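Student: Just so it is clear, I am handing over structure-v1.txt, which has compact mmCIF, C-alpha atoms.
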# COMPACT_ATOMS: atom_id res chain seq x y z
CA MET A 318 0.00 0.00 0.00
CA ARG A 319 1.29 3.48 -0.91
CA ILE A 320 0.51 6.24 1.57
CA ARG A 321 1.15 9.95 2.02
CA CYS A 322 0.29 12.17 5.00
CA ASP A 323 0.56 15.79 3.79
CA ASN A 324 -2.16 18.36 4.54
CA LEU A 325 -4.08 16.16 6.96
CA ARG A 326 -5.96 17.64 9.90
CA LEU A 327 -7.23 14.81 12.05
CA GLU A 328 -9.64 15.07 14.96
CA LEU A 329 -10.24 11.89 16.91
CA SER A 330 -10.54 10.34 20.32
CA ALA A 331 -7.73 8.28 21.76
CA PRO A 332 -8.67 4.59 21.90
CA PRO A 333 -9.23 3.16 25.40
CA SER A 334 -6.09 2.21 27.26
CA LYS A 335 -5.37 -1.47 26.63
CA SER A 336 -3.40 -1.63 29.86
CA ILE A 337 -6.31 -0.42 31.99
CA TYR A 338 -8.92 -2.31 29.96
CA HIS A 339 -7.20 -5.69 30.58
CA ARG A 340 -7.02 -4.98 34.29
CA GLU A 341 -10.61 -3.78 34.61
CA LEU A 342 -11.88 -6.88 32.82
CA ILE A 343 -9.93 -9.26 35.04
CA VAL A 344 -10.57 -7.54 38.38
CA ASN A 345 -14.28 -7.16 37.63
CA TYR A 346 -14.44 -10.89 36.88
CA ILE A 347 -12.52 -11.78 40.05
CA ARG A 348 -14.93 -9.63 42.05
CA GLY A 349 -17.90 -11.53 40.65
CA ALA A 350 -19.10 -9.37 37.76
CA ARG A 351 -20.58 -11.23 34.78
CA GLY A 352 -22.55 -10.17 31.74
CA SER A 353 -22.24 -8.24 28.50
CA TYR A 354 -18.95 -6.52 29.38
CA LEU A 355 -17.24 -9.81 28.52
CA GLU A 356 -18.69 -9.85 25.01
CA SER A 357 -16.63 -8.49 22.11
CA GLN A 358 -17.48 -4.92 21.22
CA CYS A 359 -17.03 -3.02 17.96
CA GLY A 360 -13.66 -1.30 18.13
CA ASP A 361 -12.07 -3.72 20.60
CA SER A 362 -8.44 -4.39 19.85
CA VAL A 363 -7.38 -8.00 19.26
CA ASP A 364 -5.49 -7.97 22.57
CA VAL A 365 -8.53 -6.91 24.61
CA THR A 366 -10.66 -9.45 22.74
CA ALA A 367 -8.17 -12.15 23.78
CA THR A 368 -8.59 -11.36 27.47
CA LYS A 369 -12.38 -11.37 27.11
CA GLU A 370 -12.25 -14.74 25.34
CA CYS A 371 -10.08 -16.22 28.10
CA LEU A 372 -12.45 -15.04 30.85
CA ARG A 373 -15.44 -16.42 28.94
CA ALA A 374 -13.61 -19.74 28.55
CA ILE A 375 -13.17 -19.98 32.33
CA ASP A 376 -16.79 -18.97 32.91
CA SER A 377 -18.18 -21.66 30.61
CA ALA A 378 -15.77 -24.49 31.44
CA ALA A 379 -17.20 -27.86 32.39
CA LEU A 380 -16.20 -29.30 35.75
CA ASN A 381 -12.68 -30.81 35.68
CA SER A 382 -12.39 -30.51 31.90
CA ASP A 383 -9.36 -28.92 30.27
CA ILE A 384 -9.79 -25.25 29.40
CA VAL A 385 -8.55 -23.70 26.16
CA LEU A 386 -7.70 -20.01 26.55
CA PRO A 387 -7.01 -18.22 23.23
CA CYS A 388 -4.40 -15.51 23.79
CA HIS A 389 -3.82 -14.71 20.10
CA GLU A 390 -0.65 -12.54 20.09
CA SER A 391 -1.29 -10.76 23.39
CA GLY A 392 1.64 -10.91 25.79
CA SER A 393 -0.42 -9.09 28.41
CA THR A 394 -3.20 -11.67 28.19
CA ILE A 395 -1.02 -14.74 28.62
CA ARG A 396 1.08 -13.28 31.43
CA PHE A 397 -1.96 -12.02 33.32
CA MET A 398 -4.17 -15.03 32.68
CA ILE A 399 -1.77 -17.81 33.62
CA PRO A 400 -1.86 -16.95 37.35
CA VAL A 401 -5.47 -15.72 37.19
CA ALA A 402 -6.72 -18.92 35.56
CA LEU A 403 -4.74 -20.99 38.06
CA ALA A 404 -6.41 -19.10 40.92
CA LEU A 405 -9.92 -19.32 39.51
CA ALA A 406 -9.97 -22.66 37.71
CA GLY A 407 -6.72 -24.55 38.37
CA SER A 408 -6.80 -28.12 39.70
CA PRO A 409 -4.32 -31.03 39.72
CA GLY A 410 -6.29 -32.99 37.11
CA ARG A 411 -7.02 -30.15 34.69
CA ARG A 412 -4.84 -28.64 31.98
CA LEU A 413 -5.08 -24.98 31.12
CA ILE A 414 -4.16 -24.65 27.44
CA PHE A 415 -3.11 -21.16 26.36
CA GLY A 416 -3.27 -20.83 22.57
CA THR A 417 -0.79 -18.49 20.88
CA GLU A 418 -0.23 -16.88 17.49
CA GLY A 419 2.69 -15.12 15.82
CA ARG A 420 5.76 -14.67 18.02
CA LEU A 421 3.88 -15.06 21.30
CA ILE A 422 5.09 -18.63 21.86
CA ASP A 423 8.67 -17.30 21.73
CA ARG A 424 8.16 -14.39 24.10
CA PRO A 425 9.41 -14.80 27.67
CA ILE A 426 7.41 -16.49 30.43
CA GLU A 427 10.36 -18.33 31.97
CA GLU A 428 10.57 -16.08 35.03
CA LEU A 429 6.90 -16.75 35.79
CA ALA A 430 7.44 -20.49 35.30
CA ASP A 431 10.41 -20.43 37.69
CA CYS A 432 8.34 -18.59 40.28
CA LEU A 433 5.41 -21.00 40.10
CA ARG A 434 7.44 -24.21 39.90
CA SER A 435 8.13 -24.16 43.64
CA HIS A 436 4.34 -24.11 44.16
CA ASN A 437 3.92 -27.36 42.18
CA ILE A 438 2.71 -25.56 39.07
CA SER A 439 4.00 -26.67 35.68
CA ILE A 440 4.25 -24.38 32.64
CA VAL A 441 5.36 -26.06 29.40
CA LYS A 442 5.66 -24.50 25.95
CA GLU A 443 4.43 -26.94 23.29
CA TYR A 444 5.98 -25.40 20.20
CA ASP A 445 4.54 -27.93 17.75
CA LYS A 446 1.02 -26.90 18.80
CA SER A 447 1.75 -23.19 19.40
CA GLN A 448 0.38 -23.47 22.89
CA VAL A 449 1.42 -23.30 26.53
CA ALA A 450 0.16 -26.05 28.83
CA VAL A 451 -0.26 -25.20 32.51
CA THR A 452 -1.20 -27.53 35.37
CA GLY A 453 -1.66 -26.94 39.09
CA THR A 454 -3.51 -24.47 41.24
CA LEU A 455 -2.59 -21.13 42.77
CA ALA A 456 -2.67 -21.31 46.56
CA PRO A 457 -2.09 -18.52 49.09
CA GLY A 458 1.54 -18.05 50.05
CA LYS A 459 4.78 -16.30 49.22
CA TYR A 460 5.77 -15.95 45.57
CA VAL A 461 9.31 -14.90 44.67
CA ILE A 462 9.91 -13.63 41.13
CA ASP A 463 12.46 -11.84 38.96
CA GLY A 464 10.79 -8.59 37.85
CA SER A 465 13.47 -7.34 35.47
CA VAL A 466 11.99 -8.83 32.30
CA SER A 467 8.30 -7.98 32.58
CA SER A 468 6.11 -6.13 35.06
CA GLN A 469 3.20 -8.18 33.72
CA TYR A 470 4.30 -11.16 35.82
CA ILE A 471 3.86 -9.13 39.00
CA SER A 472 0.57 -7.60 37.86
CA GLY A 473 -0.83 -11.03 37.00
CA LEU A 474 0.16 -12.42 40.38
CA LEU A 475 -1.29 -9.44 42.28
CA MET A 476 -4.64 -9.80 40.55
CA ALA A 477 -4.72 -13.58 40.91
CA LEU A 478 -3.74 -13.64 44.59
CA SER A 479 -6.42 -11.05 45.36
CA ALA A 480 -8.97 -13.75 44.46
CA LEU A 481 -7.82 -16.12 47.23
CA LYS A 482 -9.20 -16.53 50.74
CA GLU A 483 -5.92 -16.04 52.63
CA ASP A 484 -3.23 -13.37 52.57
CA SER A 485 -0.28 -13.71 50.20
CA GLU A 486 2.80 -11.77 49.19
CA VAL A 487 4.91 -11.27 46.10
CA GLU A 488 8.63 -10.65 46.54
CA VAL A 489 10.47 -9.15 43.57
CA THR A 490 14.14 -10.10 43.63
CA SER A 491 15.48 -7.58 41.09
CA SER A 492 14.81 -4.08 39.85
CA LEU A 493 11.30 -3.61 38.51
CA SER A 494 10.78 -2.94 34.82
CA SER A 495 7.93 -0.67 33.69
CA VAL A 496 6.93 0.10 37.28
CA HIS A 497 4.13 2.42 36.10
CA TYR A 498 2.21 -0.62 34.86
CA ILE A 499 2.28 -2.19 38.33
CA GLU A 500 0.90 1.08 39.67
CA LEU A 501 -1.96 0.80 37.17
CA THR A 502 -2.70 -2.66 38.56
CA THR A 503 -2.73 -1.56 42.18
CA GLU A 504 -4.94 1.41 41.25
CA VAL A 505 -7.57 -0.85 39.68
CA LEU A 506 -7.44 -3.27 42.62
CA ARG A 507 -7.80 -0.37 45.06
CA LYS A 508 -10.81 0.87 43.11
CA TYR A 509 -12.62 -2.37 43.98
CA GLY A 510 -11.49 -2.59 47.59
CA THR A 511 -8.17 -4.46 47.46
CA GLU A 512 -5.38 -2.40 49.01
CA ILE A 513 -1.95 -3.72 48.02
CA VAL A 514 0.75 -2.68 50.48
CA ARG A 515 4.28 -2.39 49.13
CA GLU A 516 7.36 -2.56 51.34
CA GLY A 517 10.42 -2.24 49.15
CA GLY A 518 10.38 -5.23 46.81
CA VAL A 519 7.57 -7.02 48.65
CA PHE A 520 3.88 -6.61 47.77
CA HIS A 521 1.37 -7.72 50.43
CA VAL A 522 -1.92 -8.95 48.98
CA PRO A 523 -4.92 -9.19 51.33
CA ALA A 524 -7.33 -12.11 51.15
CA LEU A 525 -10.56 -11.72 49.23
CA ARG A 526 -12.60 -11.90 52.44
CA LYS A 527 -10.94 -8.67 53.59
CA ASN A 528 -11.95 -6.82 50.46
CA ALA A 529 -15.66 -6.42 51.16
CA GLU A 530 -15.51 -2.82 52.37
CA GLY A 531 -14.23 0.34 50.73
CA GLY A 532 -14.46 0.04 46.98
CA ASN A 533 -16.73 0.34 44.01
CA CYS A 534 -19.21 -2.31 43.03
CA ALA A 535 -17.71 -4.58 40.38
CA ASP A 536 -20.57 -4.91 37.90
CA GLY A 537 -18.74 -4.56 34.58
CA SER A 538 -19.89 -0.95 34.11
CA PHE A 539 -16.44 0.63 34.19
CA THR A 540 -15.02 3.30 31.88
CA VAL A 541 -11.47 3.32 30.51
CA GLU A 542 -9.37 6.43 29.94
CA GLY A 543 -7.58 7.09 26.68
CA ASP A 544 -4.47 5.11 25.82
CA TRP A 545 -1.18 7.01 26.06
CA SER A 546 0.77 4.46 24.00
CA ASN A 547 -1.43 5.22 21.00
CA GLY A 548 -1.88 8.81 22.14
CA ALA A 549 1.88 9.26 21.88
CA PHE A 550 1.71 8.13 18.26
CA LEU A 551 -1.10 10.58 17.50
CA LEU A 552 0.69 13.55 19.05
CA ALA A 553 3.93 12.64 17.26
CA LEU A 554 1.98 12.37 14.01
CA GLY A 555 0.51 15.83 14.52
CA SER A 556 3.97 17.35 14.94
CA LEU A 557 5.21 15.74 11.72
CA ILE A 558 2.31 16.20 9.24
CA ARG A 559 3.29 18.96 6.85
CA ASP A 560 0.64 21.67 6.71
CA GLY A 561 -1.54 19.70 9.09
CA GLY A 562 -1.96 18.49 12.63
CA VAL A 563 -3.84 16.27 15.07
CA THR A 564 -6.41 17.14 17.72
CA CYS A 565 -6.88 14.28 20.16
CA SER A 566 -9.49 14.02 22.92
CA GLY A 567 -9.72 11.64 25.86
CA LEU A 568 -6.13 11.78 27.07
CA ASN A 569 -5.55 12.43 30.76
CA ILE A 570 -2.31 14.37 31.21
CA GLN A 571 -2.32 13.37 34.91
CA SER A 572 -2.54 9.67 34.00
CA ALA A 573 -0.54 6.99 35.80
CA GLN A 574 0.23 5.46 32.39
CA GLY A 575 3.96 5.67 31.85
CA ASP A 576 3.69 6.67 28.20
CA VAL A 577 2.36 10.09 29.18
CA ALA A 578 6.12 10.80 29.27
CA ILE A 579 5.87 11.56 25.54
CA LEU A 580 4.75 15.07 26.55
CA GLY A 581 8.02 15.81 28.29
CA PHE A 582 10.04 14.29 25.46
CA MET A 583 8.29 16.37 22.81
CA SER A 584 8.61 19.50 24.90
CA GLU A 585 12.34 18.91 25.23
CA LEU A 586 12.53 18.71 21.44
CA GLY A 587 10.86 22.11 21.22
CA ILE A 588 7.52 20.82 19.92
CA ARG A 589 4.55 22.92 20.98
CA ILE A 590 1.67 21.05 22.59
CA ASP A 591 -1.63 22.86 23.21
CA ASN A 592 -3.76 21.35 25.97
CA ASP A 593 -7.35 22.60 26.18
CA ALA A 594 -8.51 21.37 29.57
CA ALA A 595 -12.04 22.71 29.05
CA SER A 596 -12.66 20.50 26.01
CA ASN A 597 -10.31 17.70 27.14
CA CYS A 598 -8.40 18.01 23.87
CA ILE A 599 -4.71 18.15 23.03
CA HIS A 600 -3.64 19.71 19.73
CA VAL A 601 -0.28 19.38 18.02
CA GLY A 602 0.45 21.01 14.68
CA CYS A 603 3.41 20.66 12.35
CA ALA A 604 6.45 21.80 14.32
CA VAL A 605 9.31 23.98 13.08
CA ARG A 606 12.48 22.00 12.39
CA ASN A 607 14.89 24.86 11.71
CA GLU A 608 16.75 24.57 15.00
CA ARG A 609 17.51 21.07 16.23
CA CYS A 610 18.46 20.04 19.74
CA ALA A 611 22.14 19.16 19.78
CA LEU A 612 21.63 16.03 21.90
CA ILE A 613 18.69 14.44 23.66
CA THR A 614 18.96 11.38 25.89
CA ARG A 615 16.19 9.42 27.56
CA ASP A 616 15.98 6.31 29.76
CA CYS A 617 13.12 4.29 28.25
CA ASN A 618 13.04 1.37 30.68
CA ASP A 619 9.53 2.36 31.83
CA THR A 620 8.26 3.45 28.39
CA PRO A 621 9.28 0.74 25.90
CA ASP A 622 6.16 0.95 23.72
CA ILE A 623 6.85 4.51 22.56
CA VAL A 624 10.56 4.10 21.80
CA PRO A 625 9.97 3.76 18.03
CA TYR A 626 8.02 7.04 17.98
CA MET A 627 10.68 8.78 20.05
CA ALA A 628 13.33 7.55 17.63
CA VAL A 629 11.47 9.09 14.68
CA LEU A 630 10.91 12.39 16.47
CA GLY A 631 14.58 12.48 17.41
CA ALA A 632 15.57 12.03 13.77
CA PHE A 633 13.65 15.16 12.74
CA PHE A 634 14.11 17.43 15.76
CA ALA A 635 17.55 16.59 17.19
CA SER A 636 21.06 16.22 15.88
CA LYS A 637 21.56 13.12 17.99
CA THR A 638 19.17 11.08 20.14
CA VAL A 639 20.24 8.34 22.55
CA LEU A 640 17.49 6.11 23.92
CA THR A 641 18.61 3.71 26.65
CA GLY A 642 16.90 0.89 28.57
CA ILE A 643 15.61 -0.67 25.35
CA SER A 644 16.77 -4.31 25.61
CA ARG A 645 13.24 -5.66 26.13
CA LEU A 646 12.19 -4.23 22.76
CA ARG A 647 13.85 -7.22 21.13
CA LEU A 648 11.17 -9.45 22.70
CA LYS A 649 8.06 -7.76 21.32
CA GLU A 650 5.89 -8.68 18.31
CA SER A 651 9.04 -8.03 16.28
CA ASP A 652 12.58 -7.29 17.33
CA ARG A 653 11.82 -3.59 17.57
CA VAL A 654 15.44 -2.59 18.05
CA ARG A 655 16.36 -4.11 14.70
CA SER A 656 13.08 -3.02 13.08
CA VAL A 657 13.54 0.63 14.11
CA CYS A 658 17.12 0.77 12.84
CA GLU A 659 16.21 -0.93 9.55
CA MET A 660 13.18 1.29 9.00
CA LEU A 661 15.13 4.48 9.65
CA GLY A 662 17.95 3.23 7.45
CA SER A 663 15.52 2.62 4.59
CA CYS A 664 14.65 6.32 4.79
CA GLY A 665 18.28 7.45 4.70
CA ILE A 666 18.43 8.14 8.45
CA LYS A 667 21.47 6.84 10.31
CA ALA A 668 20.70 4.75 13.38
CA CYS A 669 22.61 2.13 15.31
CA ALA A 670 22.07 0.04 18.42
CA ASP A 671 23.97 -1.86 21.06
CA LYS A 672 22.72 -4.16 23.81
CA ASN A 673 20.81 -1.50 25.71
CA SER A 674 20.56 1.64 23.58
CA ILE A 675 19.53 3.05 20.22
CA THR A 676 21.33 6.07 18.79
CA VAL A 677 19.60 8.08 16.06
CA TYR A 678 21.24 10.88 14.09
CA GLY A 679 19.43 13.87 12.68
CA ILE A 680 18.12 13.44 9.17
CA ASN A 681 20.06 14.76 6.18
CA TYR A 682 17.38 15.39 3.58
CA ASP A 683 19.89 14.84 0.76
CA ASP A 684 20.18 11.21 1.84
CA ILE A 685 16.48 10.35 1.37
CA PRO A 686 16.14 7.71 -1.36
CA GLU A 687 13.76 8.22 -4.28
CA GLU A 688 11.73 5.12 -3.49
CA ILE A 689 10.96 4.04 0.07
CA SER A 690 9.46 0.67 0.93
CA LEU A 691 8.95 -0.29 4.56
CA THR A 692 7.83 -3.45 6.32
CA SER A 693 5.73 -3.49 9.48
CA SER A 694 7.20 -6.89 10.45
CA ASN A 695 3.59 -7.78 11.41
CA ASP A 696 4.01 -5.40 14.36
CA HIS A 697 1.39 -2.72 15.09
CA ARG A 698 3.93 -0.34 16.65
CA MET A 699 6.22 -0.58 13.64
CA CYS A 700 3.32 0.02 11.26
CA MET A 701 2.58 3.26 13.10
CA THR A 702 6.28 4.13 13.00
CA ALA A 703 6.15 3.84 9.21
CA VAL A 704 3.24 6.29 9.15
CA LEU A 705 5.26 8.76 11.23
CA LEU A 706 8.13 8.52 8.75
CA ALA A 707 5.79 9.14 5.82
CA ALA A 708 4.50 12.25 7.60
CA GLY A 709 7.96 13.53 8.53
CA LEU A 710 9.44 12.98 5.09
CA GLY A 711 6.47 14.46 3.25
CA ARG A 712 6.92 11.70 0.70
CA GLU A 713 5.06 8.72 -0.62
CA ILE A 714 6.12 5.46 0.98
CA GLU A 715 5.18 1.86 0.41
CA ILE A 716 4.14 -0.16 3.46
CA ASP A 717 3.52 -3.88 3.19
CA ASP A 718 0.81 -4.36 5.83
CA ILE A 719 -1.59 -2.38 8.00
CA GLU A 720 -3.75 -5.31 9.16
CA CYS A 721 -1.54 -5.66 12.24
CA LEU A 722 -3.08 -2.42 13.57
CA ASP A 723 -6.09 -4.48 14.67
CA LYS A 724 -3.95 -5.60 17.59
CA SER A 725 -4.12 -2.24 19.34
CA PHE A 726 -5.63 0.53 17.18
CA PRO A 727 -8.16 -0.76 14.61
CA GLU A 728 -9.55 2.73 14.02
CA MET A 729 -6.18 3.90 12.71
CA LYS A 730 -6.26 1.20 10.04
CA GLY A 731 -9.41 2.80 8.65
CA ILE A 732 -7.91 6.29 8.80
CA ILE A 733 -4.84 5.15 6.86
CA ALA A 734 -6.97 3.39 4.25
CA GLU A 735 -9.33 6.35 3.83
CA GLU A 736 -7.20 9.44 4.48
CA MET A 737 -3.64 8.49 3.56
CA ARG A 738 -3.88 5.81 0.89
CA LEU A 739 -2.90 6.81 -2.65
Show me this structure written as structure tokens.
Tutor:
Amino acid sequence: MRIRCDNLRLELSAPPSKSIYHRELIVNYIRGARGSYLESQCGDSVDVTATKECLRAIDSAALNSDIVLPCHESGSTIRFMIPVALALAGSPGRRLIFGTEGRLIDRPIEELADCLRSHNISIVKEYDKSQVAVTGTLAPGKYVIDGSVSSQYISGLLMALSALKEDSEVEVTSSLSSVHYIELTTEVLRKYGTEIVREGGVFHVPALRKNAEGGNCADGSFTVEGDWSNGAFLLALGSLIRDGGVTCSGLNIQSAQGDVAILGFMSELGIRIDNDAASNCIHVGCAVRNERCALITRDCNDTPDIVPYMAVLGAFFASKTVLTGISRLRLKESDRVRSVCEMLGSCGIKACADKNSITVYGINYDDIPEEISLTSSNDHRMCMTAVLLAAGLGREIEIDDIECLDKSFPEMKGIIAEEMRL
């Protein structure tokens, strides 16, 4: 597909935060809510649909029968639902079969498996069937886990242990990655009456019987704030569209979502961001690129999802950008470290990476090739990165696939097809 982004003025609402949506679905279910909120809705991302399907599978399972839980390509779903399903439906004679697609079978769950093994829980990847087989049950107790690879392990355990009838605790033995996402989990649990107490690396989880007072009724009637991972893309797009811009509603600038950090990054690059609190809208128009920052550095350990967008912005608004804390990007739907460097290189932008950083150099417009063809690598974030490059270059580009946007931002697929397609 050939696309071009000049002269576009987009007005749209940010899609609901996947991170919060997953957590609301699971905690509502744990607290006893049932009903239509578990049904697939128009506009749901594939990842959110996966979590809904898994909860419905548990709800409809026959006594003692194996349960098949379709996770599609959602890393959040499988890492949350393994402990949650064990707490709600695990038994020694039952297998919990987590179906996977794409690269999900290859993405890490080893730290979670190591943690649960001492509790007589088995997690086995069956590569020939693209599934993960889990047996055992989650009992109250102390769970010790390495938190350096994924915060989703800790979030899954906190939600699952909150469903049990005795107190438990989770001890994290290393530095926490993406700590903002754990804060999102504890916020949702607190909303429904479960107060997680943290003491250093130990999280104390109260028993379900202690959760009856102080909290909202879990009836599936929750609302979800706008998603800052996709919001970051929209604001970056607005700053890059020549003779255009983006007005986005539904983003909370006080959000606990870590990717709200895009505001500070863009401000440091000299990009003007207009926030209209009265209308709950943020507007970003095409930014001036005459004077570039000499050097911008950023630790991205807590904001891995927006690293590709930051890399593109750095290419256009800074002479040199160094993004550190990016090693986990290699474990996403694609190897995003390699994908970012290859995509920038295809546009004539110099970028290189080592084990834990990406360095991007400011674009030299004389180096832009006549024809540009980019691959999304079947990765929704990289597809959006390609759109940002088309906007920044003000050129036609070829992109091989936009279907992968269904994973997190299906509305954007329609916008590309209708507004940008040549």
Student: Between CA of Gly555 (chain A) and CA of Gly392 (chain A), what distance in Å does the model show, to one decimal?
Tutor: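 Those two atoms sit 29.0 Å apart.
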Student: So that each row is one residue of region 624-736 of chain A with an atom at most 8 Å from region 402-426 of chain A, can you give its shortest atom pair and the distance in Å to one decimal, using all atoms listed in the file, rows by chain and rising number, as CSV?
Tutor:
residue,atom,partner,partner_atom,distance
A:Leu648,CA,A:Arg424,CA,6.0
A:Lys649,CA,A:Arg424,CA,7.2
A:Glu650,CA,A:Arg420,CA,6.0
A:Ser651,CA,A:Arg420,CA,7.6
Student: Give me the residues near Leu661 (chain A) as a PyMOL selection string, where near means some atom within 12 Å (using only C-alpha atoms) and where sequence neighbours in that chain fewer than 5 positions away do not count.
Tutor: chain A and resi 625-626+628-633+653-656+666-669+675-681+684-686+689-692+699+702-703+705-707+709-710
Student: Counting all atoms listed in the file, which residue out of A:Leu380, A:Val441, A:Leu551, A:Leu342 sits closest to Thr394 (chain A)?
Tutor: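 Closest to Thr394 (chain A), using all atoms listed in the file: A:Leu342.
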Student: One decimal, in Å: what's the spacing between CA of Leu586 (chain A) and CA of Ala604 (chain A)?
Tutor: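 Pair CA of Leu586 (chain A) / CA of Ala604 (chain A) returns 9.9 Å.
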Student: Rank nothing, just name the residue among A:Lys637, A:His389, A:Lys724, A:His436 nearest to Ile613 (chain A), using only C-alpha atoms.
Tutor: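 Answer, going by the shortest atom-to-atom distance: A:Lys637.
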Student: For a quick check of understanding, using only C-alpha atoms, which of A:Thr641, A:Cys700, A:Ser362, A:Val541 has the smallest distance to Asp671 (chain A)?
Tutor: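 Using only C-alpha atoms, Asp671 (chain A) sits closest to A:Thr641.
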Student: Counting all atoms listed in the file, which residue out of A:Gly665, A:Pro400, A:Gly543, A:Pro387 sits closest to Ala573 (chain A)?
Tutor: A:Gly543
Student: Will you model N, CA and C atoms for region 398-418 of chain A and pass it back as a PDB file, in the coordinates of the input?
Tutor:
ATOM      1  N   MET A 398      -3.173 -13.965  32.531  1.00  0.00           N
ATOM      2  CA  MET A 398      -4.170 -15.030  32.680  1.00  0.00           C
ATOM      3  C   MET A 398      -3.600 -16.341  33.189  1.00  0.00           C
ATOM      4  N   ILE A 399      -2.300 -16.578  33.051  1.00  0.00           N
ATOM      5  CA  ILE A 399      -1.770 -17.810  33.620  1.00  0.00           C
ATOM      6  C   ILE A 399      -2.011 -17.852  35.130  1.00  0.00           C
ATOM      7  N   PRO A 400      -1.557 -16.880  35.922  1.00  0.00           N
ATOM      8  CA  PRO A 400      -1.860 -16.950  37.350  1.00  0.00           C
ATOM      9  C   PRO A 400      -3.342 -16.777  37.667  1.00  0.00           C
ATOM     10  N   VAL A 401      -4.050 -15.940  36.917  1.00  0.00           N
ATOM     11  CA  VAL A 401      -5.470 -15.720  37.190  1.00  0.00           C
ATOM     12  C   VAL A 401      -6.268 -16.995  36.946  1.00  0.00           C
ATOM     13  N   ALA A 402      -6.016 -17.675  35.840  1.00  0.00           N
ATOM     14  CA  ALA A 402      -6.720 -18.920  35.560  1.00  0.00           C
ATOM     15  C   ALA A 402      -6.379 -19.999  36.580  1.00  0.00           C
ATOM     16  N   LEU A 403      -5.133 -20.035  37.023  1.00  0.00           N
ATOM     17  CA  LEU A 403      -4.740 -20.990  38.060  1.00  0.00           C
ATOM     18  C   LEU A 403      -5.499 -20.727  39.366  1.00  0.00           C
ATOM     19  N   ALA A 404      -5.699 -19.449  39.685  1.00  0.00           N
ATOM     20  CA  ALA A 404      -6.410 -19.100  40.920  1.00  0.00           C
ATOM     21  C   ALA A 404      -7.888 -19.413  40.831  1.00  0.00           C
ATOM     22  N   LEU A 405      -8.473 -19.195  39.656  1.00  0.00           N
ATOM     23  CA  LEU A 405      -9.920 -19.320  39.510  1.00  0.00           C
ATOM     24  C   LEU A 405     -10.361 -20.710  39.067  1.00  0.00           C
ATOM     25  N   ALA A 406      -9.512 -21.409  38.323  1.00  0.00           N
ATOM     26  CA  ALA A 406      -9.970 -22.660  37.710  1.00  0.00           C
ATOM     27  C   ALA A 406      -8.923 -23.766  37.730  1.00  0.00           C
ATOM     28  N   GLY A 407      -7.771 -23.541  38.367  1.00  0.00           N
ATOM     29  CA  GLY A 407      -6.720 -24.550  38.370  1.00  0.00           C
ATOM     30  C   GLY A 407      -7.063 -25.718  39.290  1.00  0.00           C
ATOM     31  N   SER A 408      -6.656 -26.917  38.883  1.00  0.00           N
ATOM     32  CA  SER A 408      -6.800 -28.120  39.700  1.00  0.00           C
ATOM     33  C   SER A 408      -5.781 -29.142  39.233  1.00  0.00           C
ATOM     34  N   PRO A 409      -5.368 -30.079  40.097  1.00  0.00           N
ATOM     35  CA  PRO A 409      -4.320 -31.030  39.720  1.00  0.00           C
ATOM     36  C   PRO A 409      -4.648 -31.854  38.485  1.00  0.00           C
ATOM     37  N   GLY A 410      -5.928 -32.135  38.239  1.00  0.00           N
ATOM     38  CA  GLY A 410      -6.290 -32.990  37.110  1.00  0.00           C
ATOM     39  C   GLY A 410      -6.697 -32.247  35.864  1.00  0.00           C
ATOM     40  N   ARG A 411      -6.552 -30.942  35.833  1.00  0.00           N
ATOM     41  CA  ARG A 411      -7.020 -30.150  34.690  1.00  0.00           C
ATOM     42  C   ARG A 411      -5.840 -29.430  34.034  1.00  0.00           C
ATOM     43  N   ARG A 412      -5.850 -29.412  32.715  1.00  0.00           N
ATOM     44  CA  ARG A 412      -4.840 -28.640  31.980  1.00  0.00           C
ATOM     45  C   ARG A 412      -5.456 -27.333  31.500  1.00  0.00           C
ATOM     46  N   LEU A 413      -4.704 -26.267  31.669  1.00  0.00           N
ATOM     47  CA  LEU A 413      -5.080 -24.980  31.120  1.00  0.00           C
ATOM     48  C   LEU A 413      -4.224 -24.768  29.868  1.00  0.00           C
ATOM     49  N   ILE A 414      -4.869 -24.712  28.718  1.00  0.00           N
ATOM     50  CA  ILE A 414      -4.160 -24.650  27.440  1.00  0.00           C
ATOM     51  C   ILE A 414      -4.258 -23.235  26.882  1.00  0.00           C
ATOM     52  N   PHE A 415      -3.143 -22.533  26.847  1.00  0.00           N
ATOM     53  CA  PHE A 415      -3.110 -21.160  26.360  1.00  0.00           C
ATOM     54  C   PHE A 415      -2.660 -21.160  24.902  1.00  0.00           C
ATOM     55  N   GLY A 416      -3.592 -20.862  23.995  1.00  0.00           N
ATOM     56  CA  GLY A 416      -3.270 -20.830  22.570  1.00  0.00           C
ATOM     57  C   GLY A 416      -2.529 -19.558  22.211  1.00  0.00           C
ATOM     58  N   THR A 417      -1.585 -19.647  21.290  1.00  0.00           N
ATOM     59  CA  THR A 417      -0.790 -18.490  20.880  1.00  0.00           C
ATOM     60  C   THR A 417      -0.755 -18.358  19.365  1.00  0.00           C
ATOM     61  N   GLU A 418      -0.427 -17.155  18.913  1.00  0.00           N
ATOM     62  CA  GLU A 418      -0.230 -16.880  17.490  1.00  0.00           C
ATOM     63  C   GLU A 418       1.021 -16.020  17.332  1.00  0.00           C
TER      64      GLU A 418
END
